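> Quick one, model_7.txt (compact mmCIF, C-alpha atoms):
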```txt
# COMPACT_ATOMS: atom_id res chain seq x y z
CA VAL A 16 118.55 60.92 82.95
CA LYS A 17 120.86 62.35 80.31
CA SER A 18 121.35 60.54 77.03
CA ASN A 19 124.68 58.68 76.82
CA VAL A 20 124.21 56.88 73.50
CA GLY A 21 127.05 58.75 71.86
CA SER A 22 129.57 57.89 74.55
CA ILE A 23 128.45 54.26 74.58
CA LEU A 24 128.81 53.89 70.82
CA GLY A 25 132.19 55.58 70.99
CA THR A 26 133.56 53.00 73.44
CA PHE A 27 131.87 49.96 71.95
CA LYS A 28 134.61 49.18 69.42
CA ASN A 29 136.78 47.45 72.01
CA GLU A 30 133.96 45.52 73.70
CA PRO A 31 133.19 41.83 72.96
CA ASP A 32 129.80 41.24 71.35
CA LEU A 33 128.00 39.49 74.20
CA CYS A 34 124.58 39.91 72.62
CA ALA A 35 125.29 38.15 69.32
CA SER A 36 125.59 34.73 70.95
CA CYS A 37 123.03 35.29 73.73
CA ALA A 38 120.52 32.45 74.14
CA ILE A 39 117.69 34.86 75.05
CA ARG A 40 118.40 37.45 72.34
CA HIS A 41 114.90 37.01 70.86
CA SER A 42 112.92 36.37 74.04
CA GLY A 43 114.26 38.77 76.64
CA LEU A 44 114.06 42.55 76.93
CA CYS A 45 116.58 42.78 74.11
CA SER A 46 114.05 41.50 71.59
CA ALA A 47 112.49 44.98 71.48
CA LEU A 48 115.71 46.62 70.30
CA SER A 49 117.15 47.51 66.90
CA SER A 50 120.72 46.60 65.92
CA GLU A 51 122.00 50.03 67.00
CA GLU A 52 120.20 49.78 70.32
CA ILE A 53 121.60 46.29 70.88
CA THR A 54 125.06 47.71 70.27
CA CYS A 55 124.51 50.24 73.05
CA LEU A 56 123.14 47.64 75.46
CA ASN A 57 126.01 45.27 74.69
CA ALA A 58 128.53 48.00 75.47
CA ILE A 59 127.37 48.27 79.11
CA ALA A 60 126.77 44.56 79.68
CA SER A 61 128.87 42.19 81.74
CA ARG A 62 128.45 38.44 82.29
CA ARG A 63 128.84 36.38 85.45
CA LYS A 64 128.62 32.62 85.83
CA LEU A 65 127.56 30.98 89.12
CA ASP A 66 127.77 27.37 90.27
CA ILE A 67 124.90 25.46 91.86
CA GLY A 68 124.28 26.80 95.36
CA GLU A 69 126.18 30.03 94.81
CA THR A 70 124.45 33.28 95.80
CA TYR A 71 124.24 36.11 93.28
CA ILE A 72 123.06 38.66 95.83
CA PHE A 73 122.15 38.38 99.50
CA GLU A 74 118.98 39.74 101.07
CA GLY A 75 119.61 43.28 102.31
CA ASP A 76 122.69 43.81 100.15
CA THR A 77 123.05 46.89 97.98
CA ASP A 78 122.39 46.22 94.31
CA THR A 79 123.21 48.97 91.84
CA SER A 80 122.56 46.98 88.67
CA PHE A 81 119.79 45.48 86.59
CA SER A 82 120.23 41.97 85.21
CA ASN A 83 118.82 39.29 82.94
CA VAL A 84 119.09 35.55 83.51
CA THR A 85 120.59 34.17 80.29
CA GLU A 86 121.12 30.54 81.30
CA GLY A 87 120.01 28.34 84.19
CA VAL A 88 117.53 28.78 87.04
CA ALA A 89 117.71 30.74 90.30
CA LYS A 90 115.47 30.90 93.35
CA LEU A 91 114.43 34.00 95.29
CA VAL A 92 114.69 33.40 99.04
CA ARG A 93 113.26 35.61 101.78
CA GLY A 94 114.39 35.24 105.39
CA ALA A 95 112.25 35.52 108.53
CA GLU A 96 113.22 36.95 111.91
CA ASP A 97 113.17 33.47 113.48
CA GLY A 98 115.85 32.25 111.06
CA ARG A 99 113.57 30.34 108.70
CA SER A 100 113.55 31.07 104.97
CA GLN A 101 110.93 30.86 102.23
CA ILE A 102 111.31 30.45 98.47
CA VAL A 103 109.20 33.26 97.03
CA GLY A 104 109.95 32.90 93.34
CA LEU A 105 111.98 31.33 90.56
CA LEU A 106 113.98 32.99 87.81
CA PHE A 107 114.34 31.38 84.39
CA PRO A 108 116.18 32.46 81.21
CA SER A 109 114.99 35.90 80.02
CA ASP A 110 113.67 36.84 83.49
CA PHE A 111 114.66 40.33 84.69
CA ILE A 112 116.30 41.16 88.02
CA GLY A 113 116.25 44.61 89.55
CA GLY A 114 114.50 47.04 91.84
CA ALA A 115 111.99 49.67 90.80
CA LEU A 116 113.23 52.34 88.43
CA GLY A 117 113.89 55.78 89.84
CA LYS A 118 114.76 54.55 93.35
CA PRO A 119 117.98 55.66 95.10
CA ASP A 120 121.29 54.57 93.60
CA LYS A 121 121.83 52.02 96.35
CA PRO A 122 118.59 50.10 96.97
CA GLN A 123 118.60 47.03 99.19
CA SER A 124 117.66 43.67 97.73
CA PRO A 125 114.42 42.33 99.34
CA TYR A 126 115.59 38.72 98.91
CA SER A 127 118.58 36.53 98.18
CA ILE A 128 119.09 35.12 94.70
CA GLU A 129 120.62 31.63 94.70
CA ALA A 130 121.59 29.44 91.74
CA VAL A 131 119.75 26.10 91.65
CA SER A 132 121.56 25.10 88.46
CA GLU A 133 124.61 26.44 86.67
CA LEU A 134 123.61 30.06 86.17
CA GLU A 135 124.64 32.89 83.89
CA ILE A 136 123.64 36.48 84.58
CA CYS A 137 123.95 39.45 82.22
CA SER A 138 124.14 42.70 84.21
CA PHE A 139 123.87 46.41 83.40
CA PRO A 140 124.89 49.28 85.71
CA LYS A 141 121.73 50.94 87.00
CA HIS A 142 122.48 54.53 85.95
CA LYS A 143 123.59 53.51 82.43
CA PHE A 144 120.60 51.23 81.93
CA GLU A 145 118.19 53.98 82.99
CA GLY A 146 119.90 56.24 80.44
CA LEU A 147 119.11 53.71 77.71
CA LEU A 148 115.48 53.53 78.85
CA HIS A 149 115.30 57.28 78.37
CA ASP A 150 116.77 57.02 74.85
CA PHE A 151 114.94 53.87 73.71
CA PRO A 152 111.19 53.97 74.47
CA SER A 153 110.73 50.48 73.01
CA LEU A 154 112.97 49.05 75.75
CA GLU A 155 111.07 50.97 78.43
CA MET A 156 107.73 49.68 77.10
CA LYS A 157 109.05 46.11 77.01
CA LEU A 158 110.15 46.42 80.64
CA LEU A 159 106.78 47.86 81.66
CA ASN A 160 104.90 45.03 79.95
CA ARG A 161 107.14 42.46 81.60
CA THR A 162 106.59 44.05 85.01
CA ILE A 163 102.81 43.90 84.53
CA SER A 164 103.07 40.25 83.46
CA GLU A 165 105.14 39.36 86.53
CA LEU A 166 102.59 41.07 88.77
CA GLN A 167 99.84 38.95 87.22
CA VAL A 168 101.88 35.78 87.82
CA ALA A 169 102.39 36.80 91.46
CA ARG A 170 98.65 37.29 91.91
CA GLU A 171 97.92 33.90 90.36
CA TRP A 172 100.46 32.32 92.70
CA MET A 173 98.62 33.83 95.66
CA VAL A 174 95.48 32.05 94.44
CA LEU A 175 97.44 28.80 94.16
CA LEU A 176 98.67 29.04 97.75
CA GLY A 177 95.36 30.21 99.15
CA ARG A 178 92.72 28.09 97.39
CA MET A 179 94.15 25.14 95.47
CA THR A 180 94.29 21.56 96.71
CA ALA A 181 97.60 19.73 97.02
CA GLU A 182 97.05 17.99 93.68
CA GLU A 183 96.23 21.28 91.95
CA ARG A 184 99.33 22.94 93.40
CA VAL A 185 101.69 20.20 92.19
CA ALA A 186 100.09 20.00 88.74
CA THR A 187 100.14 23.81 88.36
CA PHE A 188 103.78 23.94 89.42
CA LEU A 189 104.74 21.34 86.80
CA LEU A 190 102.89 23.23 84.07
CA HIS A 191 104.46 26.52 85.15
CA VAL A 192 107.98 25.09 85.02
CA ALA A 193 107.32 23.44 81.65
CA GLU A 194 106.13 26.75 80.22
CA LYS A 195 109.26 28.51 81.43
CA MET A 196 111.65 25.75 80.36
CA LYS A 197 110.00 25.17 76.94
CA ASN A 198 111.86 21.89 76.45
CA VAL A 199 110.25 19.37 74.08
CA SER A 200 111.48 15.81 73.59
CA CYS A 201 111.91 14.07 70.24
CA LYS A 202 108.55 12.37 70.75
CA GLY A 203 106.76 15.68 70.86
CA GLN A 204 106.12 15.38 74.61
CA THR A 205 107.07 18.07 77.07
CA SER A 206 110.13 16.83 78.94
CA PHE A 207 112.39 18.64 81.40
CA ASP A 208 114.47 18.39 84.56
CA LEU A 209 112.90 19.90 87.66
CA PRO A 210 114.98 22.90 88.77
CA LEU A 211 114.25 22.28 92.46
CA SER A 212 114.52 19.39 94.86
CA ARG A 213 111.22 18.03 96.15
CA ALA A 214 111.94 19.69 99.50
CA ASP A 215 112.33 23.05 97.76
CA ILE A 216 109.18 22.44 95.69
CA ALA A 217 107.29 21.77 98.92
CA ASP A 218 108.62 25.02 100.40
CA TYR A 219 107.71 26.97 97.28
CA ILE A 220 104.11 25.75 96.93
CA GLY A 221 103.30 25.52 100.63
CA LEU A 222 103.14 21.74 101.13
CA THR A 223 105.11 19.12 103.04
CA LEU A 224 107.77 17.03 101.32
CA GLU A 225 105.68 13.90 101.87
CA THR A 226 102.63 15.49 100.24
CA VAL A 227 104.61 16.57 97.17
CA SER A 228 106.07 13.08 96.77
CA ARG A 229 102.65 11.49 97.20
CA GLN A 230 101.05 13.75 94.57
CA MET A 231 103.89 13.19 92.09
CA SER A 232 103.56 9.43 92.55
CA ARG A 233 99.82 9.68 92.00
CA LEU A 234 100.25 11.58 88.72
CA LYS A 235 102.75 8.94 87.62
CA ARG A 236 100.49 6.05 88.65
CA ASP A 237 97.58 7.59 86.75
CA GLY A 238 99.65 7.71 83.56
CA ILE A 239 99.73 11.51 83.37
CA ILE A 240 103.48 11.99 83.81
CA GLN A 241 106.61 9.86 83.73
CA ILE A 242 109.42 10.34 86.25
CA ALA A 243 113.00 9.26 85.49
CA GLY A 244 115.33 9.36 88.47
CA THR A 245 114.32 12.07 90.91
CA LYS A 246 114.04 15.10 88.63
CA HIS A 247 113.31 14.28 84.99
CA ILE A 248 109.63 14.77 84.14
CA THR A 249 107.81 13.89 80.91
CA PHE A 250 104.19 14.85 80.29
CA VAL A 251 102.37 11.77 78.96
CA ASP A 252 98.93 13.42 78.90
CA GLU A 253 99.19 17.20 79.21
CA ASP A 254 95.44 17.73 78.82
CA ARG A 255 94.72 15.55 81.84
CA LEU A 256 97.47 17.33 83.77
CA ARG A 257 95.83 20.66 83.01
CA GLY A 258 92.55 19.18 84.21
CA ARG A 259 94.15 18.20 87.51
CA ALA A 260 95.53 21.74 87.82
CA ASP A 261 92.31 23.46 86.79
CA PHE A 262 94.72 25.37 84.51
```
Take the structure in the file and give it back as structure tokens.

Amino acid sequence: VKSNVGSILGTFKNEPDLCASCAIRHSGLCSALSSEEITCLNAIASRRKLDIGETYIFEGDTDTSFSNVTEGVAKLVRGAEDGRSQIVGLLFPSDFIGGALGKPDKPQSPYSIEAVSELEICSFPKHKFEGLLHDFPSLEMKLLNRTISELQVAREWMVLLGRMTAEERVATFLLHVAEKMKNVSCKGQTSFDLPLSRADIADYIGLTLETVSRQMSRLKRDGIIQIAGTKHITFVDEDRLRGRADF
């Protein structure tokens, strides 16, 4: 891939500085870049906002860009031949979206990406982004490390679905979401809104809706979590929750 840093810097003067106000500037792929490199990345970036329930890309569609989630949460959905669908992953702020590098210019998406909250996506054209990877080894290394990390998470999720009890699955899911959301209340307790409905949680961790509700109620009854409304969770005793998850 030929270097295009010069042309990018030459056109940057008229572009808005999307990166300066980005909420994931210091946690996403961009955190590996210098000011000059950020300037180049900003010059090829575009933002898109999606409402709850809106689809960013459909399974099987052509996707010629790479993207970062900058705000909100999305779910990855895979369809089956019999018409059923399965949630196969969640995307949180700083998570990366895109097919393998070096594939054809028009790869097909293996799943749909749907907003489960108000969502903002920062996208980069595939050929321009690959040019920056060639010019900025630190960005390429950051992407490689993130890919390895995501592979490890996927393997751990296979263990969750294959070996864990219902209680362990629910507790592990709550801890996983808390880690990704990183929201702490004024009391020093981890507190957040669940990004999924209980039906979607059940689909994601391979349980029935009734089982998820029963396990959540049990954690609440045992004084491990608090539940406000249907979605707001507060960890009362995170150590005990980790014990229930075997985390």
> Each residue of segment 69-110 of chain A lying at most 8 Å from segment 138-144 of chain A should get a row with its shortest atom-to-atom pair and the distance in Å to one decimal, counting only C-alpha atoms; could you produce that, ordered by chain and increasing number, as CSV?

```
residue,atom,partner,partner_atom,distance
A:Thr79,CA,A:Lys141,CA,5.4
A:Ser80,CA,A:Lys141,CA,4.4
A:Phe81,CA,A:Phe139,CA,5.3
A:Ser82,CA,A:Ser138,CA,4.1
A:Asn83,CA,A:Ser138,CA,6.4
```
> Identify which of the residues A:His247, A:Arg233, A:Lys90, A:His149 lies closest to Ser127 of chain A, counting only C-alpha atoms when measuring atom-to-atom distances.
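Comparing A:His247, A:Arg233, A:Lys90, A:His149 against Ser127 of chain A, the winner is A:Lys90.
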> Considering all atoms listed in the file, state which residue in the set A:Leu224, A:Met196, A:Arg184, A:Ser212 is at the smallest distance from Leu256 of chain A.
A:Arg184
> Which is closest to Lys157 of chain A among A:Ile39, A:Leu48, A:Thr70, A:Leu106, if we use only C-alpha atoms?
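Selected residue with least distance to Lys157 of chain A: A:Leu48.
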> How far is it from atom CA of Glu52 of chain A to atom CA of Asp110 of chain A, in Å with one decimal?
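Rounded to one decimal, the two atoms are 19.6 Å apart.
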> Can you tell me, as JSON, numbers by chain, what residues are no more than 7 Å from Leu65 of chain A when counting only C-alpha atoms, ignoring any on the same chain fewer than 6 positions away?
{"A": [130, 133, 134, 135]}
> Tell me which of A:Ala58, A:Arg93, A:Phe207, A:Phe111 sits closest to Thr162 of chain A, counting all atoms listed in the file.
A:Phe111
> Atom CA of Ile59 of chain A and atom CA of Leu147 of chain A, how far apart in Å?
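Atom-to-atom, atom CA of Leu147 of chain A and atom CA of Ile59 of chain A are spaced 10.0 Å apart.
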> As a PyMOL selection string, please: the residues near Met179 of chain A (cut-off 12 Å, only C-alpha atoms, same-chain neighbours under 6 positions excluded).
chain A and resi 171-173+185-188+220-222+259-262
> Using atom CA of Glu165 of chain A and atom CA of Thr180 of chain A as the two end points, give the distance in Å to one decimal.
23.2 Å
> Skipping near chain neighbours, those fewer than 3 positions away, what residues fall within 12 Å of segment 243-245 of chain A using all atoms listed in the file, listed as a ChimeraX atom specification?
/A:206-214,228,231-232,235,240,248-250
> Using all atoms listed in the file, which of the listed residues (A:Asn57, A:Ser164, A:Gln230, A:Thr205) sits closest to Val192 of chain A?
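Comparing A:Asn57, A:Ser164, A:Gln230, A:Thr205 against Val192 of chain A, the winner is A:Thr205.
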